[in-house]
$ cat final.cif   # mmCIF, C-alpha atoms
data_coords
loop_
_atom_site.label_atom_id
_atom_site.label_comp_id
_atom_site.auth_asym_id
_atom_site.auth_seq_id
_atom_site.Cartn_x
_atom_site.Cartn_y
_atom_site.Cartn_z
CA MET A 1 20.84 13.76 -6.59
CA LYS A 2 19.78 13.28 -2.98
CA ILE A 3 16.45 11.88 -1.85
CA TYR A 4 15.28 12.40 1.72
CA VAL A 5 12.26 10.52 3.04
CA HIS A 6 10.19 11.97 5.83
CA PHE A 7 7.26 10.17 7.45
CA SER A 8 4.37 12.42 8.37
CA THR A 9 2.79 10.95 11.50
CA GLU A 10 -0.22 13.25 11.03
CA ASN A 11 -1.56 11.42 7.99
CA LEU A 12 0.79 8.43 7.68
CA ALA A 13 2.18 9.76 4.41
CA ASN A 14 5.69 9.99 3.00
CA VAL A 15 7.04 13.43 2.20
CA TYR A 16 10.03 13.56 -0.15
CA VAL A 17 12.71 16.21 -0.41
CA VAL A 18 14.81 15.82 -3.56
CA SER A 19 17.84 17.96 -4.29
CA ASP A 20 20.57 18.15 -6.88
CA ASN A 21 24.24 18.40 -5.94
CA GLU A 22 24.07 22.22 -5.87
CA GLY A 23 21.28 22.26 -3.27
CA ASN A 24 18.40 23.08 -5.62
CA GLY A 25 15.49 21.22 -4.07
CA ILE A 26 11.87 20.26 -4.48
CA ILE A 27 9.30 18.81 -2.10
CA ILE A 28 6.91 16.14 -3.27
CA ASP A 29 3.57 15.87 -1.44
CA PRO A 30 4.03 18.07 1.64
CA ALA A 31 1.58 16.17 3.80
CA TYR A 32 2.53 17.98 6.99
CA ILE A 33 5.34 20.34 7.90
CA ASP A 34 7.11 19.63 11.16
CA ARG A 35 10.44 20.40 12.73
CA GLU A 36 12.06 17.22 11.43
CA LEU A 37 11.23 18.13 7.82
CA VAL A 38 12.52 21.67 8.25
CA ASP A 39 15.73 20.20 9.74
CA ILE A 40 16.19 18.00 6.65
CA ILE A 41 15.95 21.09 4.43
CA GLU A 42 18.14 23.34 6.59
CA ASN A 43 20.80 20.78 7.49
CA GLY A 44 21.05 19.74 3.85
CA ASP A 45 21.54 23.37 2.73
CA ILE A 46 18.65 22.88 0.34
CA THR A 47 16.85 25.77 -1.35
CA ILE A 48 13.28 24.74 -2.07
CA LYS A 49 12.52 25.86 -5.62
CA ALA A 50 9.26 24.01 -6.24
CA ILE A 51 6.52 21.91 -4.68
CA PHE A 52 5.12 18.96 -6.62
CA ILE A 53 1.73 17.44 -5.79
CA THR A 54 0.86 13.93 -6.99
CA HIS A 55 -2.89 14.34 -6.44
CA ARG A 56 -5.31 16.59 -4.63
CA HIS A 57 -6.04 14.56 -1.50
CA GLU A 58 -5.55 16.26 1.84
CA SER A 59 -3.16 13.63 3.16
CA HIS A 60 -0.71 14.76 0.46
CA THR A 61 -1.36 18.50 0.37
CA ALA A 62 -2.21 19.59 3.93
CA GLY A 63 1.23 21.09 4.53
CA VAL A 64 1.22 23.35 1.45
CA GLY A 65 -0.04 26.41 3.35
CA THR A 66 2.62 26.14 6.07
CA LEU A 67 5.32 25.35 3.52
CA MET A 68 4.45 28.42 1.43
CA LYS A 69 4.93 30.61 4.52
CA ILE A 70 8.42 29.23 5.16
CA TYR A 71 9.66 28.39 1.66
CA PRO A 72 7.47 30.15 -0.93
CA ALA A 73 7.89 28.31 -4.22
CA ASP A 74 6.10 27.40 -7.43
CA ILE A 75 3.53 24.65 -7.01
CA TYR A 76 3.14 22.05 -9.74
CA ALA A 77 0.11 19.77 -9.93
CA SER A 78 -2.40 18.49 -12.43
CA ASN A 79 -4.97 20.94 -11.01
CA ASN A 80 -4.99 24.72 -11.26
CA GLU A 81 -5.37 25.23 -7.52
CA ILE A 82 -4.11 23.44 -4.40
CA GLU A 83 -5.06 24.48 -0.85
CA GLY A 84 -6.05 27.93 -2.14
CA PHE A 85 -2.79 28.51 -4.04
CA ARG A 86 -2.61 28.82 -7.80
CA THR A 87 -0.47 26.13 -9.38
CA LYS A 88 1.37 25.61 -12.62
CA ALA A 89 -0.73 22.87 -14.18
CA LEU A 90 1.09 19.81 -15.48
CA HIS A 91 -0.05 17.36 -18.11
CA ASP A 92 1.08 13.88 -19.00
CA GLY A 93 4.59 13.98 -20.46
CA ASP A 94 5.43 17.50 -19.28
CA ARG A 95 9.04 17.98 -18.18
CA ILE A 96 10.18 20.62 -15.72
CA ARG A 97 13.82 21.46 -14.97
CA ILE A 98 14.74 22.59 -11.45
CA GLY A 99 18.51 23.06 -11.17
CA SER A 100 19.90 19.87 -12.65
CA LEU A 101 16.80 17.85 -11.72
CA GLU A 102 14.53 16.99 -14.64
CA ILE A 103 11.05 16.06 -13.46
CA GLU A 104 8.71 14.25 -15.84
CA ALA A 105 4.98 14.04 -15.13
CA ILE A 106 3.32 10.69 -15.87
CA LEU A 107 -0.48 10.47 -15.65
CA VAL A 108 -1.61 7.34 -13.77
CA PRO A 109 -5.36 7.72 -13.10
CA GLY A 110 -7.49 5.36 -11.01
CA HIS A 111 -7.09 6.27 -7.34
CA SER A 112 -8.02 9.78 -8.44
CA ILE A 113 -8.52 11.02 -11.97
CA ASP A 114 -5.71 13.57 -11.59
CA SER A 115 -2.99 11.29 -10.17
CA LEU A 116 0.48 12.12 -11.41
CA VAL A 117 3.65 10.13 -10.89
CA TYR A 118 6.90 12.09 -11.06
CA ARG A 119 9.96 10.54 -12.64
CA ILE A 120 13.35 12.01 -11.74
CA GLY A 121 16.25 10.07 -13.21
CA ASP A 122 15.94 6.45 -12.09
CA ALA A 123 13.40 7.22 -9.35
CA ILE A 124 9.63 7.54 -9.51
CA PHE A 125 7.44 9.17 -6.87
CA THR A 126 4.17 7.34 -7.13
CA GLY A 127 1.86 9.10 -4.64
CA ASP A 128 -1.27 6.97 -4.26
CA THR A 129 -0.90 4.74 -7.30
CA LEU A 130 1.71 2.04 -6.76
CA PHE A 131 2.72 1.00 -3.24
CA SER A 132 5.15 -1.67 -2.12
CA GLY A 133 3.34 -5.01 -2.57
CA THR A 134 -0.02 -3.47 -3.36
CA ILE A 135 -1.79 -0.71 -5.27
CA ALA A 136 -3.81 2.21 -3.98
CA ASP A 137 -7.40 2.02 -2.86
CA THR A 138 -10.05 2.95 -5.40
CA LYS A 139 -13.74 3.89 -5.25
CA GLY A 140 -14.90 0.86 -7.21
CA TYR A 141 -14.07 -1.89 -9.68
CA ILE A 142 -13.96 0.40 -12.72
CA GLU A 143 -11.46 2.71 -11.04
CA LYS A 144 -9.42 -0.28 -9.83
CA SER A 145 -9.33 -1.66 -13.33
CA LEU A 146 -8.25 1.76 -14.65
CA LEU A 147 -5.52 2.06 -11.99
CA THR A 148 -4.21 -1.47 -12.65
CA LYS A 149 -4.13 -0.81 -16.40
CA SER A 150 -2.45 2.59 -15.91
CA ILE A 151 0.24 1.10 -13.64
CA ARG A 152 0.90 -1.77 -16.06
CA GLN A 153 1.17 0.51 -19.07
CA ARG A 154 2.94 3.52 -17.59
CA LEU A 155 5.02 2.20 -14.68
CA MET A 156 5.68 -1.51 -15.25
CA SER A 157 7.22 -0.57 -18.60
CA LEU A 158 10.02 1.26 -16.79
CA PRO A 159 13.40 -0.48 -16.24
CA ASP A 160 13.65 -3.07 -13.45
CA SER A 161 16.13 -0.96 -11.51
CA THR A 162 13.80 2.06 -11.24
CA LEU A 163 13.42 3.03 -7.58
CA VAL A 164 9.83 3.42 -6.35
CA TYR A 165 9.02 6.06 -3.72
CA PRO A 166 5.33 5.73 -2.81
CA GLY A 167 3.07 8.14 -0.94
CA HIS A 168 2.61 5.60 1.86
CA GLY A 169 4.63 2.65 3.12
CA PRO A 170 8.10 1.34 2.30
CA ILE A 171 10.13 2.18 -0.80
CA SER A 172 10.69 -0.38 -3.55
CA LYS A 173 11.88 -1.03 -7.10
CA ILE A 174 9.96 -1.80 -10.30
CA ARG A 175 11.49 -5.30 -10.46
CA ILE A 176 10.23 -6.04 -6.95
CA GLU A 177 6.72 -4.84 -7.77
CA ARG A 178 6.66 -6.83 -10.99
CA MET A 179 7.53 -9.98 -9.04
CA PHE A 180 5.75 -9.51 -5.73
CA ASN A 181 2.91 -7.00 -5.98
CA VAL A 182 -0.14 -8.97 -4.82
CA ASP A 183 -2.69 -6.73 -6.56
CA LEU A 184 -0.86 -6.67 -9.90
CA LEU A 185 -0.30 -10.44 -9.83
CA GLU A 186 -3.93 -11.03 -8.89
CA SER A 187 -5.09 -8.92 -11.81
CA VAL A 188 -3.50 -11.36 -14.24
CA GLY A 189 -4.51 -14.49 -12.31
CA ARG A 190 -1.02 -15.26 -11.03
CA PHE A 191 -2.02 -14.96 -7.39
CA ARG A 192 -5.21 -16.04 -5.69
CA LYS A 193 -6.45 -14.98 -2.26
CA MET B 1 21.84 8.57 -2.59
CA PHE B 2 24.18 6.34 -4.60
CA PRO B 3 24.69 7.64 -8.18
CA PHE B 4 22.07 6.47 -10.66
CA SER B 5 24.55 5.58 -13.40
CA HIS B 6 24.32 2.13 -14.90
CA CYS B 7 27.00 -0.47 -15.52
CA LYS B 8 28.53 -0.21 -19.01
CA ALA B 9 28.80 -4.01 -19.39
CA PRO B 10 26.45 -5.24 -22.14
CA GLY B 11 23.14 -6.52 -20.76
CA CYS B 12 23.91 -5.51 -17.18
CA HIS B 13 21.33 -3.24 -15.56
CA SER B 14 23.04 -2.90 -12.17
CA PHE B 15 24.03 0.50 -10.86
CA ALA B 16 27.70 1.30 -11.39
CA ALA B 17 30.12 1.62 -8.50
CA ALA B 18 31.00 5.28 -7.97
CA GLY B 19 33.47 6.65 -10.52
CA SER B 20 34.11 3.34 -12.28
CA GLY B 21 31.40 3.04 -14.93
CA TYR B 22 30.95 -0.64 -14.04
CA CYS B 23 29.08 -2.43 -11.28
CA TYR B 24 31.11 -4.33 -8.71
CA HIS B 25 30.57 -7.62 -10.53
CA HIS B 26 32.03 -6.26 -13.80
CA LEU B 27 35.06 -4.50 -12.33
CA SER B 28 38.52 -5.89 -12.97
CA PRO B 29 39.71 -8.19 -10.15
CA ASP B 30 42.14 -5.62 -8.70
CA LYS B 31 39.54 -2.81 -8.74
CA LYS B 32 36.99 -5.20 -7.27
CA LYS B 33 39.32 -6.05 -4.39
CA ALA B 34 40.21 -2.39 -3.79
CA LEU B 35 36.54 -1.34 -3.67
CA LEU B 36 35.50 -4.21 -1.42
CA ASP B 37 38.45 -3.60 0.94
CA SER B 38 37.56 0.08 1.09
CA VAL B 39 33.92 -0.65 1.94
CA MET B 40 34.86 -3.30 4.53
CA ASP B 41 37.39 -0.94 6.15
CA ASN B 42 34.83 1.87 6.23
CA LEU B 43 32.33 -0.37 7.99
CA ARG B 44 34.87 -1.97 10.36
CA LEU B 45 36.93 1.06 11.31
CA ARG B 46 35.04 4.26 10.53
CA GLY B 47 31.57 2.78 10.90
CA ARG B 48 30.18 4.99 8.17
CA LEU B 49 29.17 4.30 4.57
CA THR B 50 27.27 6.82 2.46
CA ASP B 51 26.00 6.79 -1.15
CA VAL B 52 28.00 3.71 -2.20
CA SER B 53 26.84 1.23 -4.82
CA LEU B 54 28.20 -2.28 -4.39
CA ALA B 55 25.72 -4.53 -6.20
CA ASN B 56 26.60 -8.22 -6.69
CA ALA B 57 29.26 -8.14 -3.96
CA GLU B 58 30.29 -10.96 -1.65
CA ILE B 59 30.84 -9.83 1.92
CA ARG B 60 31.99 -12.42 4.43
CA GLY B 61 33.08 -12.25 8.05
CA LEU B 62 32.32 -8.55 8.51
CA ARG B 63 31.89 -7.21 12.02
CA ALA B 64 30.82 -3.62 11.47
CA LYS B 65 31.88 -1.06 14.04
CA ASP B 66 29.26 -0.64 16.77
CA GLY B 67 26.94 2.20 15.86
CA CYS B 68 27.81 2.05 12.14
CA ARG B 69 25.76 4.23 9.78
CA ILE B 70 24.83 3.07 6.29
CA SER B 71 22.97 5.65 4.26
CA GLY B 72 21.82 5.78 0.63
CA CYS B 73 23.76 2.63 -0.35
CA ASN B 74 23.02 -0.11 -2.84
CA PHE B 75 23.96 -3.75 -2.13
CA SER B 76 21.42 -5.40 -4.45
CA PHE B 77 22.11 -9.06 -5.35
CA SER B 78 24.94 -9.29 -2.80
CA VAL B 79 25.91 -12.18 -0.54
CA PHE B 80 26.44 -11.58 3.17
CA GLU B 81 27.80 -14.42 5.28
CA ASP B 82 28.81 -14.36 8.94
CA CYS B 83 28.29 -10.60 9.21
CA GLU B 84 27.33 -8.61 12.29
CA PHE B 85 25.84 -5.13 12.65
CA THR B 86 25.14 -3.76 16.14
CA GLY B 87 23.60 -0.54 17.42
CA GLY B 88 23.77 1.29 14.10
CA LEU B 89 21.60 3.01 11.54
CA ILE B 90 20.64 1.82 8.07
CA VAL B 91 18.56 4.30 6.08
CA SER B 92 17.37 4.49 2.45
CA SER B 93 19.58 1.56 1.44
CA PHE B 94 18.95 -1.34 -0.90
CA PHE B 95 19.63 -4.97 0.04
CA ASP B 96 17.13 -6.45 -2.41
CA TYR B 97 17.70 -9.98 -3.74
CA CYS B 98 20.57 -10.48 -1.30
CA PHE B 99 21.54 -13.72 0.41
CA PHE B 100 22.10 -13.53 4.16
CA ARG B 101 23.51 -16.56 5.96
CA ASN B 102 24.39 -16.49 9.63
CA CYS B 103 24.11 -12.69 9.78
CA THR B 104 23.00 -10.63 12.79
CA PHE B 105 21.50 -7.17 12.97
CA SER B 106 20.98 -6.28 16.63
CA SER B 107 19.75 -3.09 18.31
CA MET B 108 19.69 -1.40 14.90
CA ASP B 109 17.61 1.47 13.58
CA ILE B 110 16.65 0.43 10.04
CA ARG B 111 14.38 2.79 8.11
CA TYR B 112 13.14 3.10 4.54
CA SER B 113 15.36 0.28 3.34
CA VAL B 114 14.68 -2.57 0.98
CA PHE B 115 15.36 -6.27 1.65
CA ALA B 116 12.74 -7.52 -0.83
CA GLY B 117 13.41 -10.78 -2.64
CA SER B 118 16.25 -11.64 -0.26
CA THR B 119 16.94 -14.95 1.44
CA PHE B 120 17.67 -15.13 5.17
CA ILE B 121 19.10 -18.39 6.44
CA GLU B 122 19.86 -18.77 10.15
CA SER B 123 20.09 -15.01 10.41
CA SER B 124 18.52 -12.57 12.80
CA ILE B 125 17.29 -9.03 13.02
CA HIS B 126 16.43 -8.48 16.65
CA ASP B 127 15.69 -5.82 19.27
CA SER B 128 15.67 -3.20 16.53
CA THR B 129 13.54 -0.45 15.07
CA VAL B 130 12.70 -1.70 11.58
CA ILE B 131 10.01 0.71 10.45
CA HIS B 132 8.96 1.34 6.86
CA ASN B 133 11.10 -1.44 5.42
CA ASN B 134 10.41 -3.64 2.45
CA PHE B 135 10.69 -7.40 3.10
CA THR B 136 8.31 -8.27 0.26
CA GLY B 137 8.96 -11.68 -1.24
CA ILE B 138 11.71 -12.71 1.18
CA ASP B 139 12.51 -16.31 2.06
CA ALA B 140 13.43 -16.75 5.70
CA LEU B 141 14.47 -20.12 7.06
CA GLY B 142 15.49 -20.81 10.66
CA SER B 143 15.81 -17.09 11.32
CA SER B 144 14.67 -14.74 14.04
CA PHE B 145 13.01 -11.36 13.65
CA SER B 146 12.02 -11.03 17.31
CA GLY B 147 11.90 -7.94 19.49
CA ASN B 148 11.49 -5.53 16.57
CA ASP B 149 9.22 -2.64 15.75
CA PHE B 150 8.03 -3.50 12.22
CA TYR B 151 5.60 -0.58 11.94
CA PHE B 152 4.50 -0.07 8.31
CA SER B 153 6.91 -2.71 6.97
CA SER B 154 5.85 -5.22 4.34
CA PHE B 155 6.33 -9.01 4.27
CA SER B 156 3.85 -9.45 1.45
CA LEU B 157 4.31 -12.68 -0.58
CA SER B 158 7.15 -13.79 1.68
CA ARG B 159 7.88 -17.34 2.84
CA LEU B 160 8.70 -17.55 6.53
CA VAL B 161 9.68 -21.01 7.76
CA ASP B 162 10.74 -21.87 11.32
CA THR B 163 11.23 -18.16 11.87
CA ASP B 164 10.22 -16.19 14.96
CA LEU B 165 8.57 -12.80 15.12
CA GLU B 166 8.06 -12.74 18.87
CA ASP B 167 7.48 -9.60 20.91
CA CYS B 168 7.25 -7.45 17.79
CA ASN B 169 5.14 -4.42 17.00
CA LEU B 170 3.23 -5.47 13.87
CA LYS B 171 0.98 -2.44 13.60
CA ARG B 172 0.29 -1.81 9.87
CA THR B 173 2.74 -4.59 8.93
CA ASN B 174 1.68 -6.21 5.66
CA PHE B 175 1.75 -10.04 5.44
CA ARG B 176 -0.72 -10.36 2.56
CA GLY B 177 -0.04 -13.45 0.47
CA SER B 178 2.75 -14.66 2.75
CA ILE B 179 3.29 -18.31 3.61
CA THR B 180 4.21 -19.08 7.19
CA ARG B 181 5.20 -22.43 8.68
CA GLY B 182 6.55 -22.85 12.19
CA VAL B 183 6.32 -19.11 12.81
CA SER B 184 5.85 -17.87 16.37
CA LEU B 185 4.15 -14.51 16.89
CA LYS B 186 4.15 -14.83 20.70
CA TYR B 187 3.76 -11.48 22.51
CA SER B 188 3.36 -9.67 19.17
CA ASN B 189 0.20 -7.92 17.96
CA PRO B 190 -0.83 -9.71 14.73
CA GLU B 191 -4.36 -8.33 15.11
CA GLU B 192 -2.98 -4.97 14.00
CA ALA B 193 -1.19 -6.44 10.97
CA PHE B 194 -2.70 -7.23 7.56
CA PHE B 195 -2.87 -10.89 6.54
CA ARG B 196 -5.84 -11.21 4.21
CA ASN B 197 -6.06 -9.70 0.75
CA GLU B 198 -9.60 -8.47 1.42
CA GLU B 199 -8.44 -6.15 4.20
CA PRO B 200 -7.94 -2.55 3.10
CA TYR B 201 -4.22 -2.01 3.66
CA LEU B 202 -3.84 1.63 2.64
#
$ encode --input "final.cif" --output "structure tokens"
Amino acid sequence: MKIYVHFSTENLANVYVVSDNEGNGIIIDPAYIDRELVDIIENGDITIKAIFITHRHESHTAGVGTLMKIYPADIYASNNEIEGFRTKALHDGDRIRIGSLEIEAILVPGHSIDSLVYRIGDAIFTGDTLFSGTIADTKGYIEKSLLTKSIRQRLMSLPDSTLVYPGHGPISKIRIERMFNVDLLESVGRFRK
Amino acid sequence: MFPFSHCKAPGCHSFAAAGSGYCYHHLSPDKKKALLDSVMDNLRLRGRLTDVSLANAEIRGLRAKDGCRISGCNFSFSVFEDCEFTGGLIVSSFFDYCFFRNCTFSSMDIRYSVFAGSTFIESSIHDSTVIHNNFTGIDALGSSFSGNDFYFSSFSLSRLVDTDLEDCNLKRTNFRGSITRGVSLKYSNPEEAFFRNEEPYL
């Protein structure tokens, strides 16, 4: 499996291209499509078979329209429609196979009610749920509490060595977040401002 | 990316070295030496290392070829002493929980890599592009991180002691929960970094 990280300067988001060893590829959260991203796909001889959306916020979906013109593919999300395109709706626990990639959808609500995390092998693509050292912004305390609980139950239960690829900011590992995530530590009183 | 297969040794959760089934630490001494020699030679002579997992290794006295490229590699829990990397690229690689003593990274381009939980003693990363890197929870003592672009990197919950971050771009750099003592930020832009937990980071 290969994982390519592309930083979208338009909306400060990470776009991920994941491919198996035969070149079957997916894109996770196409925030913006630029030349550099197209180069990653073309130079890697990757055939885009599917687009996965973690949640329906523009900073993660704005490139879908452009992407569908260049690499038309199935779109998977927790909603039925993204940027005017019909999607294949995913639910918690659903597994999709693209080439030799098996993608599992994990529901982690809080930042938005429809937030999905995608697990592929030992990597998770967390969108706007878990970031390096922090968690995503929420509308209020109830949502923050829901997000913290969701992350603890669904993500912190994964093995230490699981690689974390967030929608914004640097990449990480579950062990690192368990030890050093300020928001998660604060939520259990192990870190004070 | 390095293969996501785990070490077969009981209780070990490290990623296995390619083709061996065991992580570097659990290889037999002769295989360990052969793998380490191969990695060192690649970095010294070819200046290229891709998709290699070498967790728990001990690398000493390495002077990587100028312009070396390290991509998709895993060096978690490794020890680096007296090592030098100049003018190269490190991308999507893992150096978490490593120990760096007297190591130098100069004029490097380091992106989307992880140094979290590592210890830097009398080491330096300088005059480099270091964007989108994870330095969460590091301990740095008597080190220098000056002259770098740290855009969107995180030093959250780190301990920086007698360590310089002078003339750095700190835009969107996260220092929340970090402890700093004897740290100089001269000519840097800390006003664009995040220090307090109350500030909305993302």
$ resolve_selection --input "final.cif" --expression "the PyMOL selection byres ((chain A) within 7 of (chain B))" --output "MDAnalysis selection string"
chainID A and resid 1:3 122 133 136:137 161 169:172 176 180 182 193
$ resolve_selection --input "final.cif" --expression "the PyMOL selection byres ((chain A and resi 173) around 7)" --output "list of chain:residue names"
A:Asp160, A:Ser161, A:Thr162, A:Leu163, A:Val164, A:Ser172, A:Ile174, A:Arg175, A:Ile176, A:Glu177
$ atom_distance --input "final.cif" --atom1 "atom CA of A:Asp34" --atom2 "atom CA of A:Glu58"
16.1 Å
$ resolve_selection --input "final.cif" --expression "the PyMOL selection byres ((chain B and resi 63) around 8)" --output "mmCIF file with C-alpha atoms, keeping the file's coordinate frame"
data_model
loop_
_atom_site.group_PDB
_atom_site.id
_atom_site.type_symbol
_atom_site.label_atom_id
_atom_site.label_comp_id
_atom_site.auth_asym_id
_atom_site.auth_seq_id
_atom_site.Cartn_x
_atom_site.Cartn_y
_atom_site.Cartn_z
ATOM 1 C CA LEU B 43 32.330 -0.370 7.990
ATOM 2 C CA ARG B 44 34.870 -1.970 10.360
ATOM 3 C CA GLY B 61 33.080 -12.250 8.050
ATOM 4 C CA LEU B 62 32.320 -8.550 8.510
ATOM 5 C CA ALA B 64 30.820 -3.620 11.470
ATOM 6 C CA LYS B 65 31.880 -1.060 14.040
ATOM 7 C CA CYS B 83 28.290 -10.600 9.210
ATOM 8 C CA GLU B 84 27.330 -8.610 12.290
ATOM 9 C CA PHE B 85 25.840 -5.130 12.650
#
$ residues_around --input "final.cif" --residues "B:Asp164" --least-positions-apart "4" --cutoff "10 Å" --atoms "all atoms listed in the file" --output "count of residues only"
16
$ residues_around --input "final.cif" --residues "B:Asp109" --least-positions-apart "4" --cutoff "6 Å" --atoms "all atoms listed in the file" --output "list in words"
Leu89, Ser128 and Thr129 of chain B
$ residues_around --input "final.cif" --residues "A:His91" --least-positions-apart "2" --cutoff "9 Å" --atoms "all atoms listed in the file" --output "ChimeraX atom specification"
/A:77-78,89,93-94,105-107,116
$ write_last_selection --input "final.cif" --atoms "C-alpha atoms" --output "mmCIF file, keeping the file's coordinate frame"
data_model
loop_
_atom_site.group_PDB
_atom_site.id
_atom_site.type_symbol
_atom_site.label_atom_id
_atom_site.label_comp_id
_atom_site.auth_asym_id
_atom_site.auth_seq_id
_atom_site.Cartn_x
_atom_site.Cartn_y
_atom_site.Cartn_z
ATOM 1 C CA ALA A 77 0.110 19.770 -9.930
ATOM 2 C CA SER A 78 -2.400 18.490 -12.430
ATOM 3 C CA ALA A 89 -0.730 22.870 -14.180
ATOM 4 C CA GLY A 93 4.590 13.980 -20.460
ATOM 5 C CA ASP A 94 5.430 17.500 -19.280
ATOM 6 C CA ALA A 105 4.980 14.040 -15.130
ATOM 7 C CA ILE A 106 3.320 10.690 -15.870
ATOM 8 C CA LEU A 107 -0.480 10.470 -15.650
ATOM 9 C CA LEU A 116 0.480 12.120 -11.410
#
